[in-house]
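Text of model17.cif (mmCIF, C-alpha atoms) as supplied:
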data_final
loop_
_atom_site.label_atom_id
_atom_site.label_comp_id
_atom_site.auth_asym_id
_atom_site.auth_seq_id
_atom_site.Cartn_x
_atom_site.Cartn_y
_atom_site.Cartn_z
CA MET A 26 0.00 0.00 0.00
CA ALA A 27 1.76 3.17 -1.25
CA VAL A 28 2.05 6.01 1.24
CA GLU A 29 0.60 9.30 -0.01
CA VAL A 30 1.89 12.54 1.54
CA LYS A 31 -1.57 14.07 1.10
CA GLU A 32 -3.26 11.45 3.32
CA LEU A 33 -0.57 11.92 5.98
CA LEU A 34 -1.22 15.67 5.86
CA GLU A 35 -4.98 15.16 6.26
CA ALA A 36 -4.39 12.91 9.29
CA GLY A 37 -2.26 15.59 10.99
CA VAL A 38 0.89 13.45 11.01
CA HIS A 39 2.99 16.61 10.39
CA PHE A 40 2.25 18.35 13.71
CA GLY A 41 5.20 18.12 16.09
CA HIS A 42 5.65 19.49 19.62
CA LEU A 43 6.32 23.02 20.81
CA THR A 44 9.69 24.27 19.61
CA ARG A 45 10.94 24.72 23.19
CA LYS A 46 10.31 21.01 23.89
CA TRP A 47 12.10 19.64 20.84
CA ASP A 48 15.03 17.21 20.73
CA PRO A 49 17.82 18.59 18.46
CA ASN A 50 18.45 15.07 17.12
CA MET A 51 15.10 15.30 15.32
CA ALA A 52 16.38 18.25 13.23
CA PRO A 53 16.78 16.16 10.01
CA TYR A 54 13.05 15.34 10.11
CA VAL A 55 11.78 18.86 10.85
CA TYR A 56 10.53 20.84 7.84
CA MET A 57 9.84 24.20 9.48
CA GLU A 58 8.50 25.99 12.56
CA ARG A 59 5.03 27.55 12.58
CA ASN A 60 3.35 29.39 15.49
CA GLY A 61 5.84 27.93 17.96
CA ILE A 62 5.26 24.34 16.76
CA HIS A 63 7.63 22.20 14.70
CA ILE A 64 6.27 20.82 11.42
CA ILE A 65 7.52 17.35 10.41
CA ASN A 66 8.73 16.75 6.85
CA LEU A 67 6.07 14.35 5.51
CA TYR A 68 8.15 13.31 2.49
CA LYS A 69 10.67 11.85 4.93
CA THR A 70 7.85 10.29 6.96
CA ALA A 71 6.46 8.58 3.84
CA ALA A 72 9.93 7.25 2.92
CA LYS A 73 10.49 5.97 6.47
CA ILE A 74 7.08 4.22 6.53
CA ASP A 75 8.05 2.38 3.33
CA GLU A 76 11.45 1.44 4.77
CA ALA A 77 9.98 0.22 8.09
CA GLY A 78 7.18 -1.61 6.26
CA ALA A 79 9.63 -3.56 4.10
CA ALA A 80 11.66 -4.60 7.16
CA LEU A 81 8.54 -5.59 9.15
CA ALA A 82 7.23 -7.63 6.20
CA LYS A 83 10.52 -9.60 6.16
CA ILE A 84 10.28 -10.30 9.90
CA ALA A 85 6.66 -11.44 9.56
CA ALA A 86 7.56 -13.61 6.55
CA SER A 87 10.28 -15.31 8.63
CA GLY A 88 7.62 -16.47 11.11
CA ARG A 89 8.65 -14.27 14.04
CA LYS A 90 6.23 -12.16 16.06
CA ILE A 91 6.18 -8.34 16.23
CA LEU A 92 5.22 -6.96 19.65
CA PHE A 93 3.22 -3.71 19.52
CA VAL A 94 3.55 -1.41 22.55
CA ALA A 95 1.34 1.62 23.30
CA THR A 96 0.02 2.42 26.76
CA LYS A 97 -1.08 6.01 26.09
CA LYS A 98 -4.82 6.67 26.03
CA GLN A 99 -5.01 7.87 22.39
CA ALA A 100 -3.17 4.80 21.04
CA LYS A 101 -4.40 1.87 23.18
CA ASP A 102 -7.55 0.93 21.29
CA ILE A 103 -6.03 1.55 17.86
CA VAL A 104 -2.99 -0.63 18.56
CA ALA A 105 -5.13 -3.40 20.10
CA GLU A 106 -7.40 -3.41 17.03
CA LYS A 107 -4.65 -3.32 14.39
CA ALA A 108 -2.44 -5.90 16.14
CA SER A 109 -5.42 -8.25 16.61
CA GLU A 110 -6.27 -8.02 12.89
CA ILE A 111 -2.83 -9.37 11.95
CA ASN A 112 -2.68 -11.78 14.92
CA MET A 113 0.31 -10.11 16.60
CA PRO A 114 0.90 -9.67 20.38
CA TYR A 115 0.49 -6.24 21.97
CA ILE A 116 0.83 -4.43 25.30
CA THR A 117 -1.67 -1.63 25.92
CA GLU A 118 -1.77 -1.66 29.71
CA ARG A 119 1.20 -0.95 31.99
CA TRP A 120 4.46 -2.41 30.64
CA PRO A 121 5.34 -5.41 32.86
CA GLY A 122 8.92 -4.81 34.05
CA GLY A 123 11.21 -7.54 32.70
CA MET A 124 8.73 -8.42 29.98
CA LEU A 125 11.65 -9.11 27.62
CA THR A 126 14.72 -9.38 29.87
CA ASN A 127 12.94 -11.76 32.27
CA PHE A 128 10.71 -13.46 29.70
CA VAL A 129 10.78 -16.85 31.50
CA THR A 130 8.96 -15.36 34.52
CA ILE A 131 6.39 -13.69 32.27
CA ARG A 132 5.76 -17.04 30.54
CA LYS A 133 5.15 -18.60 33.96
CA ALA A 134 2.44 -16.01 34.63
CA VAL A 135 0.84 -16.78 31.25
CA LYS A 136 0.94 -20.52 32.07
CA LYS A 137 -0.72 -19.75 35.41
CA MET A 138 -3.57 -18.17 33.45
CA ALA A 139 -3.87 -21.32 31.31
CA SER A 140 -3.88 -23.56 34.41
CA ILE A 141 -6.77 -21.53 35.92
CA ASP A 142 -8.70 -22.05 32.67
CA ARG A 143 -8.05 -25.80 32.90
CA MET A 144 -9.29 -25.82 36.50
CA LYS A 145 -12.55 -24.26 35.36
CA LYS A 146 -12.97 -26.81 32.57
CA ASP A 147 -12.25 -29.96 34.58
CA GLY A 148 -14.35 -28.90 37.60
CA THR A 149 -11.43 -28.47 40.05
CA PHE A 150 -12.34 -24.79 40.40
CA MET A 151 -15.72 -25.65 41.97
CA THR A 152 -14.05 -27.73 44.72
CA LEU A 153 -12.43 -24.53 46.09
CA SER A 154 -14.08 -22.47 48.80
CA LYS A 155 -16.03 -19.36 47.83
CA LYS A 156 -13.21 -17.09 49.06
CA GLU A 157 -10.55 -19.03 47.13
CA ARG A 158 -12.65 -18.94 43.95
CA LEU A 159 -12.96 -15.16 44.29
CA GLN A 160 -9.18 -14.79 44.73
CA VAL A 161 -8.47 -17.01 41.71
CA ASP A 162 -10.97 -15.05 39.60
CA ARG A 163 -9.33 -11.77 40.58
CA LEU A 164 -5.88 -13.15 39.72
CA ARG A 165 -7.16 -14.43 36.35
CA ALA A 166 -8.71 -11.04 35.53
CA LYS A 167 -5.49 -9.21 36.46
CA LEU A 168 -3.35 -11.55 34.36
CA GLU A 169 -5.76 -11.28 31.43
CA LYS A 170 -5.67 -7.48 31.58
CA ASN A 171 -1.88 -7.26 31.62
CA LEU A 172 -0.79 -10.35 29.68
CA GLY A 173 -3.82 -11.69 27.81
CA SER A 174 -2.69 -10.25 24.50
CA ILE A 175 0.69 -12.03 24.65
CA SER A 176 -0.60 -15.47 25.69
CA ASP A 177 0.37 -16.92 22.27
CA MET A 178 3.89 -15.47 22.35
CA THR A 179 6.05 -18.50 23.26
CA ARG A 180 9.41 -16.84 22.56
CA LEU A 181 10.96 -13.38 22.39
CA PRO A 182 9.56 -11.20 19.58
CA GLY A 183 11.45 -10.59 16.36
CA ALA A 184 10.79 -6.84 16.65
CA LEU A 185 9.13 -4.17 18.76
CA PHE A 186 6.81 -1.49 17.40
CA VAL A 187 6.37 1.45 19.80
CA VAL A 188 4.11 4.49 19.86
CA ASP A 189 5.80 7.28 21.91
CA ILE A 190 9.32 6.18 22.86
CA LYS A 191 9.48 8.63 25.76
CA ARG A 192 6.54 7.02 27.50
CA GLU A 193 7.70 3.46 26.69
CA HIS A 194 11.35 4.04 27.66
CA ILE A 195 11.51 0.83 29.78
CA ALA A 196 10.39 -1.29 26.81
CA ILE A 197 12.98 0.47 24.62
CA LYS A 198 15.80 -0.23 27.09
CA GLU A 199 14.87 -3.92 27.41
CA ALA A 200 14.76 -4.35 23.63
CA GLN A 201 18.14 -2.60 23.30
CA LYS A 202 19.70 -4.98 25.86
CA LEU A 203 18.53 -8.00 23.86
CA ASN A 204 19.32 -6.47 20.42
CA ILE A 205 15.67 -6.69 19.34
CA PRO A 206 15.03 -4.30 16.40
CA ILE A 207 12.91 -1.30 17.45
CA PHE A 208 10.40 0.36 15.11
CA ALA A 209 8.68 3.47 16.42
CA MET A 210 6.61 6.56 15.78
CA VAL A 211 8.94 9.32 16.96
CA ASP A 212 7.71 12.87 17.68
CA THR A 213 9.88 16.01 17.68
CA ASN A 214 10.37 15.85 21.48
CA SER A 215 12.11 12.42 21.38
CA ASP A 216 15.59 11.14 20.56
CA PRO A 217 15.47 9.07 17.33
CA ARG A 218 18.90 7.54 18.02
CA GLN A 219 17.23 5.05 20.42
CA VAL A 220 15.31 3.49 17.54
CA ASP A 221 16.46 1.30 14.63
CA TYR A 222 13.60 2.28 12.29
CA VAL A 223 12.33 5.82 12.89
CA ILE A 224 8.92 6.96 11.62
CA PRO A 225 8.85 10.73 12.31
CA ALA A 226 5.22 11.48 13.13
CA ASN A 227 2.74 13.06 15.51
CA ASP A 228 2.34 10.41 18.23
CA ASP A 229 -0.33 12.28 20.22
CA ALA A 230 -3.28 12.49 17.81
CA SER A 231 -5.38 9.34 17.35
CA LYS A 232 -5.90 10.14 13.64
CA SER A 233 -2.16 10.24 13.04
CA ILE A 234 -1.55 7.03 15.04
CA ASN A 235 -4.35 5.25 13.14
CA LYS A 236 -2.94 6.29 9.76
CA ILE A 237 0.60 5.07 10.53
CA LEU A 238 -0.63 1.83 12.14
CA THR A 239 -2.83 1.10 9.10
CA HIS A 240 0.23 1.18 6.83
CA VAL A 241 2.33 -0.84 9.28
CA ALA A 242 -0.38 -3.50 9.70
CA SER A 243 -0.75 -3.69 5.92
CA ALA A 244 3.00 -4.33 5.51
CA VAL A 245 2.99 -7.05 8.19
CA SER A 246 -0.09 -8.62 6.58
CA GLY A 247 1.81 -8.72 3.27
CA GLY A 248 4.72 -10.53 4.96
CA LEU A 249 2.33 -13.09 6.51
CA ALA A 250 0.67 -13.69 3.13
CA GLU A 251 4.11 -14.25 1.57
CA ARG A 252 4.95 -16.80 4.26
CA LYS A 253 1.66 -18.62 3.67
CA ALA A 254 2.27 -18.70 -0.10
CA GLU A 255 5.79 -20.11 0.43
CA LYS A 256 4.43 -22.84 2.70
CA GLU A 257 1.77 -23.79 0.15
CA ALA A 258 4.36 -23.82 -2.64
CA ALA A 259 6.60 -26.09 -0.55
CA THR A 260 3.83 -28.60 0.15
CA ALA A 261 2.52 -28.61 -3.46
CA PRO A 262 5.54 -30.47 -5.01
CA LYS A 263 5.27 -33.17 -2.32
CA ALA A 264 1.63 -33.75 -3.21
CA GLU A 265 2.53 -33.87 -6.92
CA VAL A 266 5.32 -36.40 -6.31
CA GLU A 267 2.97 -38.57 -4.24
CA ALA A 268 0.31 -38.42 -7.00
CA LYS A 269 2.88 -39.34 -9.70
CA THR A 270 4.17 -42.23 -7.56
CA GLU A 271 0.63 -43.56 -7.23
CA VAL A 272 0.07 -43.34 -11.03
CA VAL A 273 3.38 -45.14 -11.74
CA ALA A 274 2.53 -47.85 -9.19
CA GLU A 275 -0.88 -48.35 -10.83
CA LYS A 276 0.70 -48.62 -14.31
CA GLU A 277 3.24 -51.16 -13.06
CA ALA A 278 0.54 -53.17 -11.32
CA ALA A 279 -1.72 -53.30 -14.42
CA PRO A 280 0.50 -55.63 -16.60
CA LYS A 281 1.09 -57.90 -13.63
CA ALA A 282 -2.65 -58.16 -13.06
CA LYS A 283 -3.20 -59.03 -16.76
CA ALA A 284 -0.35 -61.57 -16.77
CA ALA A 285 -1.68 -63.48 -13.75
CA PRO A 286 -4.82 -64.98 -15.47
CA ALA A 287 -2.75 -65.83 -18.59
CA LYS A 288 -0.21 -67.78 -16.52
CA LYS A 289 -3.06 -69.58 -14.79
CA ALA A 290 -4.59 -70.64 -18.18
CA VAL A 291 -1.22 -71.97 -19.47
CA ALA A 292 -0.77 -73.99 -16.29
CA GLU A 293 -4.26 -75.55 -16.68
CA GLU A 294 -3.55 -76.58 -20.34
CA GLU A 295 -0.31 -78.25 -19.35
CA GLU A 296 -2.14 -80.31 -16.74
#

In structure tokens, what does this structure look like?
Amino acid sequence: MAVEVKELLEAGVHFGHLTRKWDPNMAPYVYMERNGIHIINLYKTAAKIDEAGAALAKIAASGRKILFVATKKQAKDIVAEKASEINMPYITERWPGGMLTNFVTIRKAVKKMASIDRMKKDGTFMTLSKKERLQVDRLRAKLEKNLGSISDMTRLPGALFVVDIKREHIAIKEAQKLNIPIFAMVDTNSDPRQVDYVIPANDDASKSINKILTHVASAVSGGLAERKAEKEAATAPKAEVEAKTEVVAEKEAAPKAKAAPAKKAVAEEEE
């Protein structure tokens, strides 16, 4: 999906922060200053969306997960919706400390959630006292709220996509420690050097966030489709070989079947 500068403009992607709050490292992405606000160069934004999209498509095509992170009010629902559409994990509540650096412990919490679900299915849950059932339900609800969206993530993600790197600084630091590629929407008040793939954009307006996430989700979806096509192409030759083998076996069996009655007739004449 080609990125049009006009649609980015209409979504308000170009509005940065107040000039007094800017980070000088964002200078290459700033077009001008108007009424005390920095205006982002949308041509650079469009180019960066294409660059990030291509990289994300490759990661998705390789079969690895992309973890989306956005805990700010304007972005939560948008990120949850877009990540769910492409079946990717996301964090929209408070970032659980050690989510990446202490992933084993986080997986234990997710397994605890699964064990509570099993208890409810096999009837063990009903053998608990009323107070214990209430405590277990509260624990399950808390785990679901914080970790429900990553329950299918069995290993560390192949990449991190972040909305507002200032707010999600803990997630950024953890990803940096583990050399996980970081993709992010970066506003004029943030340091782009912390991110591997910078998308200079307004990270405060829901319209802007929605527009960027739509393009990102589309790129990831393309990578997933490519992976699916490769899998189907790999299984197709096997099926063809099996079909050919069956045909050859049938052809070989046919003369033998015809020869059997003839041999039997010759044997009867000799007798």

Give me the result of the PyMOL selection byres ((chain A and resi 77-86) around 12) on this file, residue by residue, as a PDB file with C-alpha atoms, keeping the file's coordinate frame.
ATOM      1  CA  MET A  26       0.000   0.000   0.000  1.00  0.00           C
ATOM      2  CA  ALA A  27       1.760   3.170  -1.250  1.00  0.00           C
ATOM      3  CA  VAL A  28       2.050   6.010   1.240  1.00  0.00           C
ATOM      4  CA  THR A  70       7.850  10.290   6.960  1.00  0.00           C
ATOM      5  CA  ALA A  71       6.460   8.580   3.840  1.00  0.00           C
ATOM      6  CA  ALA A  72       9.930   7.250   2.920  1.00  0.00           C
ATOM      7  CA  LYS A  73      10.490   5.970   6.470  1.00  0.00           C
ATOM      8  CA  ILE A  74       7.080   4.220   6.530  1.00  0.00           C
ATOM      9  CA  ASP A  75       8.050   2.380   3.330  1.00  0.00           C
ATOM     10  CA  GLU A  76      11.450   1.440   4.770  1.00  0.00           C
ATOM     11  CA  SER A  87      10.280 -15.310   8.630  1.00  0.00           C
ATOM     12  CA  GLY A  88       7.620 -16.470  11.110  1.00  0.00           C
ATOM     13  CA  ARG A  89       8.650 -14.270  14.040  1.00  0.00           C
ATOM     14  CA  LYS A  90       6.230 -12.160  16.060  1.00  0.00           C
ATOM     15  CA  ILE A  91       6.180  -8.340  16.230  1.00  0.00           C
ATOM     16  CA  LEU A  92       5.220  -6.960  19.650  1.00  0.00           C
ATOM     17  CA  PHE A  93       3.220  -3.710  19.520  1.00  0.00           C
ATOM     18  CA  ILE A 111      -2.830  -9.370  11.950  1.00  0.00           C
ATOM     19  CA  ASN A 112      -2.680 -11.780  14.920  1.00  0.00           C
ATOM     20  CA  MET A 113       0.310 -10.110  16.600  1.00  0.00           C
ATOM     21  CA  PRO A 182       9.560 -11.200  19.580  1.00  0.00           C
ATOM     22  CA  GLY A 183      11.450 -10.590  16.360  1.00  0.00           C
ATOM     23  CA  ALA A 184      10.790  -6.840  16.650  1.00  0.00           C
ATOM     24  CA  LEU A 185       9.130  -4.170  18.760  1.00  0.00           C
ATOM     25  CA  PHE A 186       6.810  -1.490  17.400  1.00  0.00           C
ATOM     26  CA  ILE A 205      15.670  -6.690  19.340  1.00  0.00           C
ATOM     27  CA  PRO A 206      15.030  -4.300  16.400  1.00  0.00           C
ATOM     28  CA  ILE A 207      12.910  -1.300  17.450  1.00  0.00           C
ATOM     29  CA  PHE A 208      10.400   0.360  15.110  1.00  0.00           C
ATOM     30  CA  ALA A 209       8.680   3.470  16.420  1.00  0.00           C
ATOM     31  CA  MET A 210       6.610   6.560  15.780  1.00  0.00           C
ATOM     32  CA  VAL A 220      15.310   3.490  17.540  1.00  0.00           C
ATOM     33  CA  ASP A 221      16.460   1.300  14.630  1.00  0.00           C
ATOM     34  CA  TYR A 222      13.600   2.280  12.290  1.00  0.00           C
ATOM     35  CA  VAL A 223      12.330   5.820  12.890  1.00  0.00           C
ATOM     36  CA  ILE A 224       8.920   6.960  11.620  1.00  0.00           C
ATOM     37  CA  PRO A 225       8.850  10.730  12.310  1.00  0.00           C
ATOM     38  CA  ILE A 237       0.600   5.070  10.530  1.00  0.00           C
ATOM     39  CA  LEU A 238      -0.630   1.830  12.140  1.00  0.00           C
ATOM     40  CA  THR A 239      -2.830   1.100   9.100  1.00  0.00           C
ATOM     41  CA  HIS A 240       0.230   1.180   6.830  1.00  0.00           C
ATOM     42  CA  VAL A 241       2.330  -0.840   9.280  1.00  0.00           C
ATOM     43  CA  ALA A 242      -0.380  -3.500   9.700  1.00  0.00           C
ATOM     44  CA  SER A 243      -0.750  -3.690   5.920  1.00  0.00           C
ATOM     45  CA  ALA A 244       3.000  -4.330   5.510  1.00  0.00           C
ATOM     46  CA  VAL A 245       2.990  -7.050   8.190  1.00  0.00           C
ATOM     47  CA  SER A 246      -0.090  -8.620   6.580  1.00  0.00           C
ATOM     48  CA  GLY A 247       1.810  -8.720   3.270  1.00  0.00           C
ATOM     49  CA  GLY A 248       4.720 -10.530   4.960  1.00  0.00           C
ATOM     50  CA  LEU A 249       2.330 -13.090   6.510  1.00  0.00           C
ATOM     51  CA  ALA A 250       0.670 -13.690   3.130  1.00  0.00           C
ATOM     52  CA  GLU A 251       4.110 -14.250   1.570  1.00  0.00           C
ATOM     53  CA  ARG A 252       4.950 -16.800   4.260  1.00  0.00           C
ATOM     54  CA  LYS A 253       1.660 -18.620   3.670  1.00  0.00           C
ATOM     55  CA  ALA A 254       2.270 -18.700  -0.100  1.00  0.00           C
ATOM     56  CA  GLU A 255       5.790 -20.110   0.430  1.00  0.00           C
ATOM     57  CA  LYS A 256       4.430 -22.840   2.700  1.00  0.00           C
TER      58      LYS A 256
END

task = Can you give me, as a PyMOL selection string, the residues this file yields under the PyMOL selection byres ((chain A and resi 119) around 10)?
result = chain A and resi 94-97+116-118+120-122+170-172+193

Preceding selection exported with C-alpha atoms as a PDB file, in the coordinates of the input:
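Saved result, selection-v4.pdb, follows:
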ATOM      1  CA  VAL A  94       3.550  -1.410  22.550  1.00  0.00           C
ATOM      2  CA  ALA A  95       1.340   1.620  23.300  1.00  0.00           C
ATOM      3  CA  THR A  96       0.020   2.420  26.760  1.00  0.00           C
ATOM      4  CA  LYS A  97      -1.080   6.010  26.090  1.00  0.00           C
ATOM      5  CA  ILE A 116       0.830  -4.430  25.300  1.00  0.00           C
ATOM      6  CA  THR A 117      -1.670  -1.630  25.920  1.00  0.00           C
ATOM      7  CA  GLU A 118      -1.770  -1.660  29.710  1.00  0.00           C
ATOM      8  CA  TRP A 120       4.460  -2.410  30.640  1.00  0.00           C
ATOM      9  CA  PRO A 121       5.340  -5.410  32.860  1.00  0.00           C
ATOM     10  CA  GLY A 122       8.920  -4.810  34.050  1.00  0.00           C
ATOM     11  CA  LYS A 170      -5.670  -7.480  31.580  1.00  0.00           C
ATOM     12  CA  ASN A 171      -1.880  -7.260  31.620  1.00  0.00           C
ATOM     13  CA  LEU A 172      -0.790 -10.350  29.680  1.00  0.00           C
ATOM     14  CA  GLU A 193       7.700   3.460  26.690  1.00  0.00           C
TER      15      GLU A 193
END

message = Once the PyMOL selection byres ((chain A and resi 123-126) around 9) has been evaluated on this model, what residues remain selected, and can you format them as a list of chain:residue names?
response =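 Selected by the PyMOL selection byres ((chain A and resi 123-126) around 9) here: A:Trp120, A:Pro121, A:Gly122, A:Asn127, A:Phe128, A:Val129, A:Thr130, A:Ile131, A:Leu181, A:Pro182, A:Ile195, A:Ala196, A:Glu199, A:Ala200, A:Lys202, A:Leu203.
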
task = Select, from A:Ile65, A:Ala230, A:Val187, A:Met51, the residue with the minimum atom-to-atom distance to Arg218 (chain A), counting all atoms listed in the file.
result = A:Met51

key: Distance criterion (all atoms listed in the file): nearest to Ala108 (chain A) out of A:Asn204, A:Thr213, A:Ser174, A:Ser233   = A:Ser174

key: One-decimal distance in Å that lies between CA of Lys133 (chain A) and CA of Thr149 (chain A)   = 20.2 Å

task = Tell me, in Å to one decimal, how far CA of Lys198 (chain A) is from CA of Val211 (chain A).
result =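 These atoms are spaced 15.5 Å apart.
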
inquiry  = From the options A:Glu58, A:Asp162, A:Asp216, A:Asp229, which residue's atoms come nearest to Ile141 (chain A), counting only C-alpha atoms?
reply    =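 Of A:Glu58, A:Asp162, A:Asp216, A:Asp229, the one nearest Ile141 (chain A) is A:Asp162, counting only C-alpha atoms.
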
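Take CA of Lys31 (chain A) and CA of Ser231 (chain A): the distance between them is 17.3 Å.
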
message = Which residues are close to Leu43 (chain A), i.e. within 9 Å by all atoms listed in the file, leaving aside same-chain residues fewer than 2 positions away? Reply as a list in words.
response = Gly41, Arg45, Lys46, Trp47, Asn60, Gly61, Ile62, His63, Thr213 and Asn214 of chain A

ask   = Pick from A:Tyr54, A:Tyr68, A:Tyr115, A:Phe40: nearest to Ile175 (chain A), with all atoms listed in the file counted?
value = A:Tyr115

query = Using all atoms listed in the file, which residue out of A:Gln160, A:Asn66, A:Gln201, A:Asn227 lies closest to Ser215 (chain A)?
reply =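 So, comparing all the options, the nearest one is A:Asn227.
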
query = Pick from A:Leu67, A:Ala258, A:Asp48, A:Val161: nearest to Ser140 (chain A), with only C-alpha atoms counted?
reply =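 Closest residue, counting only C-alpha atoms: A:Val161.
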